[in-house]
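Trainee: I'd like to ask some things about the structure below.
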Amino acid sequence: MDAPYKFEKVDFFTIDSPLLKFSENIASQSGEDGIIEKIFQLITPSYSYCVEFGAWDGKYLSNSYNLIQNKKWGGAFIEGNSEKFKELVTNHGENSKLKLVNKFIDFSGPNSLDQILHEIETPLDFDFLSIDIDGTDYFIWESLNNFRPKVVVIEFNPTVPNDIIFVQPKNSALNQGCSLLSLILLGKNKGYELVCCTRWNAFFVCKEYFDKFELKSNSIWHMYKPIQDGRIWHGFDSHVYVYGMTKFLWNPTNFTNDDFQILPESLRKFGDSQR
C-alpha cells in the first residue's frame, strides 16, 4: 500500500507570461492562434510566410491554419503520411500561395528540413515555423542550419520537470519528446529566446526581437508550470516514493506508489538498522 504520509510541495512557479492572456483557438489546440497573432503585432512579418510540418490535413490542431486561411499568408505544409496528405491537398490544394510537400523530414540528406525548404524556395529568414512531430522535434530544430525563422513554436513533453534536460534518442521510430529546458538551451545556442509556453508548445523568437516583448523574466519558472511536476525518490529502506504523478497523459492507465516498488516488501529494509 501507499505510505500513509503527506508530502508538502512548495509552489515556486510564478507564471507571468503576458502573451498568455491573448490565448485563442481557431484551429490550434491550446490558445496558440491568439498568441501567434499577438506576436506578429509585435514583430512585423517580412514575407507573411509560414512553414508547418507534421501538418496532417492542414487544419486539425494546426498552428498555421489561421495565418493561411484568415490572414492570407503563404508558405508550406509538409506531411509524410500519404493518407493525411490527400486530406491536406483537399483542404489547401487550390491555394497558389502554398507549397504542399509529401515527405517525412530527416535529420540530414535530401529530406532534411534545410534541403526541402531550399527546394521550395523558402526565404532564409521566413516568419514562422511550427514543429510538432511528437518525438524528434528537438533534433529537427537542431538540424536547421541554413534558415533562421523569426518565430519558432515547438512541442515539448509537458510531464518532464522544469529542471530536467531530457531529449529522447535520435530515432524517428520513438515518440518520447524532449523537455522544455532542453529546448531553451538549444534555442539559446541558435540565437533564440523563449517568450511564452502553452500546455506543450514553446514559443521562441530571434534574440534581436526579444526586447519587444518587455518580459520581466523569461526564466523557465516564469514561463511554464508542468502539467505533471513529478518526482521520484526512495527512503533509506529502498521504498520508492512517487509524487506529482498519478496517471499517464496519453494513456488511460492510472498508477500508484505500489507500481513503482522495485524490491519486494521483505527486502525494503535499511541495512544499518538496529531493529
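Residue numbering restarts at 1 for every chain of the C-alpha cells, chains are lettered A, B, ... in their displayed order, and ligands are numbered from 1 as they appear.
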Dump as a tab-separated table the rows for residues of region 174-267 of chain A within 8 Å of region 41-60 of chain A: closest atom pair and distance in Å with one decimal, only C-alpha atoms counted, ordered by chain and rising residue number.
Mentor:
```
residue	atom	partner	partner_atom	distance
A:Tyr209	CA	A:Ile43	CA	7.1
A:Lys212	CA	A:Leu42	CA	6.4
A:Phe213	CA	A:Leu42	CA	7.4
```
Trainee: What would the file look like if the residues just selected were written as a JSON list (two decimals), in the first residue's frame with N, CA and C atoms?
Mentor:
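Result written to again-v7.json:
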```
[["chain", "number", "residue", "atom", "x", "y", "z"],
["A", 209, "TYR", "N", 14.67, 40.33, -31.40],
["A", 209, "TYR", "CA", 13.30, 40.80, -31.20],
["A", 209, "TYR", "C", 12.83, 40.67, -29.76],
["A", 212, "LYS", "N", 11.17, 43.46, -27.54],
["A", 212, "LYS", "CA", 9.83, 43.93, -27.91],
["A", 212, "LYS", "C", 8.75, 43.36, -27.00],
["A", 213, "PHE", "N", 9.06, 42.28, -26.32],
["A", 213, "PHE", "CA", 8.05, 41.61, -25.50],
["A", 213, "PHE", "C", 8.01, 42.11, -24.06]]
```
Trainee: Give me the residues within 8 Å of region 141-143 of chain A as an NGL selection string, counting only C-alpha atoms and dropping any in the same chain fewer than 4 places off.
Mentor: :A and (107-108 or 112-114 or 131 or 137 or 186)
Trainee: Can you list, as a list in words, every protein, DNA or RNA residue that comes within 10 Å of region 220-225 of chain A when you count only C-alpha atoms, leaving out same-chain residues fewer than 6 positions away?
Mentor: Asp11, Phe12, Phe13, Thr14, Ile15, Asp16, Ser17, Pro18, Leu20, Pro158, Thr159, Pro161, Asn162, Asp163, Leu180, Leu181, Ile184, Leu194, Val195, Cys196, Cys197, Thr198, Arg199, Trp200 and Ala202 of chain A
Trainee: Keeping only N, CA and C atoms, write the selected residues as a short mmCIF file (atom, residue, chain, number, x, y, z; two decimals), in the first residue's frame.
Mentor:
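Here's the written file selection_3.cif:
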```
data_model
loop_
_atom_site.label_atom_id
_atom_site.label_comp_id
_atom_site.auth_asym_id
_atom_site.auth_seq_id
_atom_site.Cartn_x
_atom_site.Cartn_y
_atom_site.Cartn_z
N ASP A 11 5.18 25.59 -4.05
CA ASP A 11 4.92 26.05 -5.42
C ASP A 11 5.77 27.28 -5.70
N PHE A 12 6.89 27.07 -6.38
CA PHE A 12 7.78 28.20 -6.66
C PHE A 12 7.64 28.71 -8.08
N PHE A 13 6.54 28.31 -8.74
CA PHE A 13 6.27 28.81 -10.08
C PHE A 13 5.57 30.16 -9.99
N THR A 14 6.01 31.11 -10.77
CA THR A 14 5.36 32.41 -10.89
C THR A 14 5.11 32.65 -12.37
N ILE A 15 4.00 32.15 -12.87
CA ILE A 15 3.72 32.23 -14.30
C ILE A 15 3.16 33.60 -14.62
N ASP A 16 3.95 34.42 -15.28
CA ASP A 16 3.53 35.78 -15.58
C ASP A 16 3.83 36.16 -17.02
N SER A 17 3.69 35.19 -17.93
CA SER A 17 3.91 35.48 -19.35
C SER A 17 2.73 36.29 -19.88
N PRO A 18 2.93 37.55 -20.26
CA PRO A 18 1.81 38.39 -20.69
C PRO A 18 1.14 37.91 -21.96
N LEU A 20 0.04 35.02 -22.62
CA LEU A 20 -1.00 34.02 -22.37
C LEU A 20 -2.40 34.61 -22.36
N PRO A 158 5.28 17.73 -21.70
CA PRO A 158 4.87 18.51 -20.54
C PRO A 158 4.91 17.76 -19.22
N THR A 159 5.36 16.51 -19.24
CA THR A 159 5.46 15.76 -17.98
C THR A 159 6.87 15.82 -17.39
N PRO A 161 9.87 17.55 -15.53
CA PRO A 161 10.06 18.70 -14.64
C PRO A 161 10.95 19.77 -15.28
N ASN A 162 10.75 21.01 -14.83
CA ASN A 162 11.45 22.15 -15.43
C ASN A 162 12.96 22.12 -15.27
N ASP A 163 13.46 21.39 -14.30
CA ASP A 163 14.90 21.39 -14.06
C ASP A 163 15.61 20.19 -14.70
N LEU A 180 11.26 20.97 -21.87
CA LEU A 180 11.31 22.39 -22.19
C LEU A 180 12.71 22.95 -21.97
N LEU A 181 13.36 22.56 -20.88
CA LEU A 181 14.69 23.08 -20.59
C LEU A 181 15.67 22.75 -21.70
N ILE A 184 15.10 25.24 -24.42
CA ILE A 184 15.60 26.57 -24.07
C ILE A 184 17.09 26.67 -24.33
N LEU A 194 13.05 32.31 -25.32
CA LEU A 194 11.69 31.87 -25.01
C LEU A 194 10.83 33.08 -24.64
N VAL A 195 9.60 33.16 -25.19
CA VAL A 195 8.70 34.26 -24.84
C VAL A 195 7.36 33.78 -24.28
N CYS A 196 7.01 32.50 -24.47
CA CYS A 196 5.72 32.03 -23.96
C CYS A 196 5.66 30.51 -24.08
N CYS A 197 4.80 29.90 -23.25
CA CYS A 197 4.52 28.46 -23.35
C CYS A 197 3.03 28.24 -23.17
N THR A 198 2.47 27.37 -23.99
CA THR A 198 1.13 26.86 -23.73
C THR A 198 1.29 25.51 -23.05
N ARG A 199 0.30 24.65 -23.11
CA ARG A 199 0.37 23.39 -22.35
C ARG A 199 1.57 22.54 -22.76
N TRP A 200 1.89 22.51 -24.04
CA TRP A 200 3.03 21.71 -24.51
C TRP A 200 3.71 22.29 -25.73
N ALA A 202 6.24 25.58 -26.96
CA ALA A 202 7.10 26.69 -26.55
C ALA A 202 7.29 27.64 -27.72
#
```
Trainee: Any idea what the distance is between CA of Lys247 (chain A) and CA of Ile165 (chain A)?
Mentor: 21.8 Å
Trainee: Distance CA of Glu121 (chain A)-CA of Lys97 (chain A), one decimal place?
Mentor: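 About the pair CA of Glu121 (chain A) and CA of Lys97 (chain A): they are 12.2 Å apart.
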Trainee: I'd like the neighbourhood of Gly230 (chain A) as an MDAnalysis selection string, where a residue qualifies if any of its atoms comes within 10 Å (using only C-alpha atoms), though same-chain residues fewer than 6 positions away should be ignored.
Mentor: chainID A and resid 159:161 242:246
Trainee: Name the closest residue to Phe22 (chain A) among the candidates A:Asn81, A:Lys99, A:Asn201, A:Gly34; distances are taken between atoms, counting only C-alpha atoms.
Mentor: A:Gly34
Trainee: Asn157 (chain A): which residues within 9 Å, counting only C-alpha atoms, same-chain residues fewer than 5 positions away excluded, as a PyMOL selection string?
Mentor: chain A and resi 134-135+176-180+200-201+226
Trainee: Could you jot down the CA of Asn171 (chain A) to CA of Tyr138 (chain A) separation for me, Å, one decimal place?
Mentor: 11.3 Å
Trainee: For the alpha helix (DSSP H) assignment from backbone DSSP, which residues of region 29-256 of chain A qualify? Please present them as JSON, numbers by chain.
Mentor: {"A": [32, 33, 34, 35, 36, 37, 38, 39, 40, 41, 42, 65, 66, 67, 68, 69, 82, 83, 84, 85, 86, 87, 88, 89, 90, 91, 92, 113, 114, 115, 116, 117, 118, 119, 137, 138, 139, 140, 141, 142, 143, 180, 181, 182, 183, 184, 185, 186, 187, 188, 189, 190, 220, 221, 222, 223]}
Trainee: Residues at most 10 Å from Gln115 (chain A), counting only C-alpha atoms, excluding those fewer than 4 positions away in the same chain, as a PDB file with C-alpha atoms, in the first residue's frame?
Mentor:
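Printed below is out-v7.pdb as written:
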```pdb
ATOM      1  CA  ILE A 105      11.617  15.072 -42.502  1.00  0.00           C
ATOM      2  CA  ASP A 106      15.050  13.538 -41.891  1.00  0.00           C
ATOM      3  CA  SER A 108      20.192  15.222 -42.844  1.00  0.00           C
ATOM      4  CA  GLY A 109      20.375  14.465 -46.547  1.00  0.00           C
ATOM      5  CA  PRO A 110      17.838  15.113 -49.320  1.00  0.00           C
ATOM      6  CA  ASN A 111      14.854  15.035 -46.955  1.00  0.00           C
ATOM      7  CA  GLU A 119      13.923  23.265 -52.962  1.00  0.00           C
ATOM      8  CA  ILE A 120      10.643  25.117 -52.441  1.00  0.00           C
ATOM      9  CA  GLU A 121      12.449  28.488 -52.391  1.00  0.00           C
ATOM     10  CA  LEU A 144      18.028  23.506 -39.273  1.00  0.00           C
ATOM     11  CA  ASN A 146      20.620  27.385 -43.285  1.00  0.00           C
TER      12      ASN A 146
END
```
Trainee: Identify which of the residues A:Lys21, A:Lys150, A:His118, A:Lys269 lies closest to Gly235 (chain A), counting only C-alpha atoms when measuring atom-to-atom distances.
Mentor: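 Comparing A:Lys21, A:Lys150, A:His118, A:Lys269 against Gly235 (chain A), the winner is A:Lys269.
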Trainee: Write out as a list of chain:residue names which residues come within 12 Å of Leu98 (chain A) when counting only C-alpha atoms, dropping same-chain ones fewer than 3 positions away.
Mentor: A:Ser48, A:Tyr49, A:Cys50, A:Val51, A:Glu52, A:Gly58, A:Ser64, A:Tyr65, A:Leu67, A:Ile68, A:Gln69, A:Lys72, A:Trp73, A:Gly74, A:Gly75, A:Ala76, A:Phe77, A:Ile78, A:Leu88, A:Val89, A:Asn91, A:His92, A:Gly93, A:Glu94, A:Asn95, A:Val101, A:Ile120, A:Glu121, A:Thr122
Trainee: Using backbone DSSP assignments, extract all strand (DSSP E or B) residues from region 83-204 of chain A; output them as a ChimeraX atom specification.
Mentor: /A:98-101,106,112,128-131,151-155,167,178,192-197,201-204
Trainee: Which one of A:Arg268, A:Phe40, A:Asn63, A:Phe126 sits closest to Glu24 (chain A) if you count only C-alpha atoms?
Mentor: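 When distances to Glu24 (chain A) are compared using only C-alpha atoms, the smallest one comes from A:Asn63.
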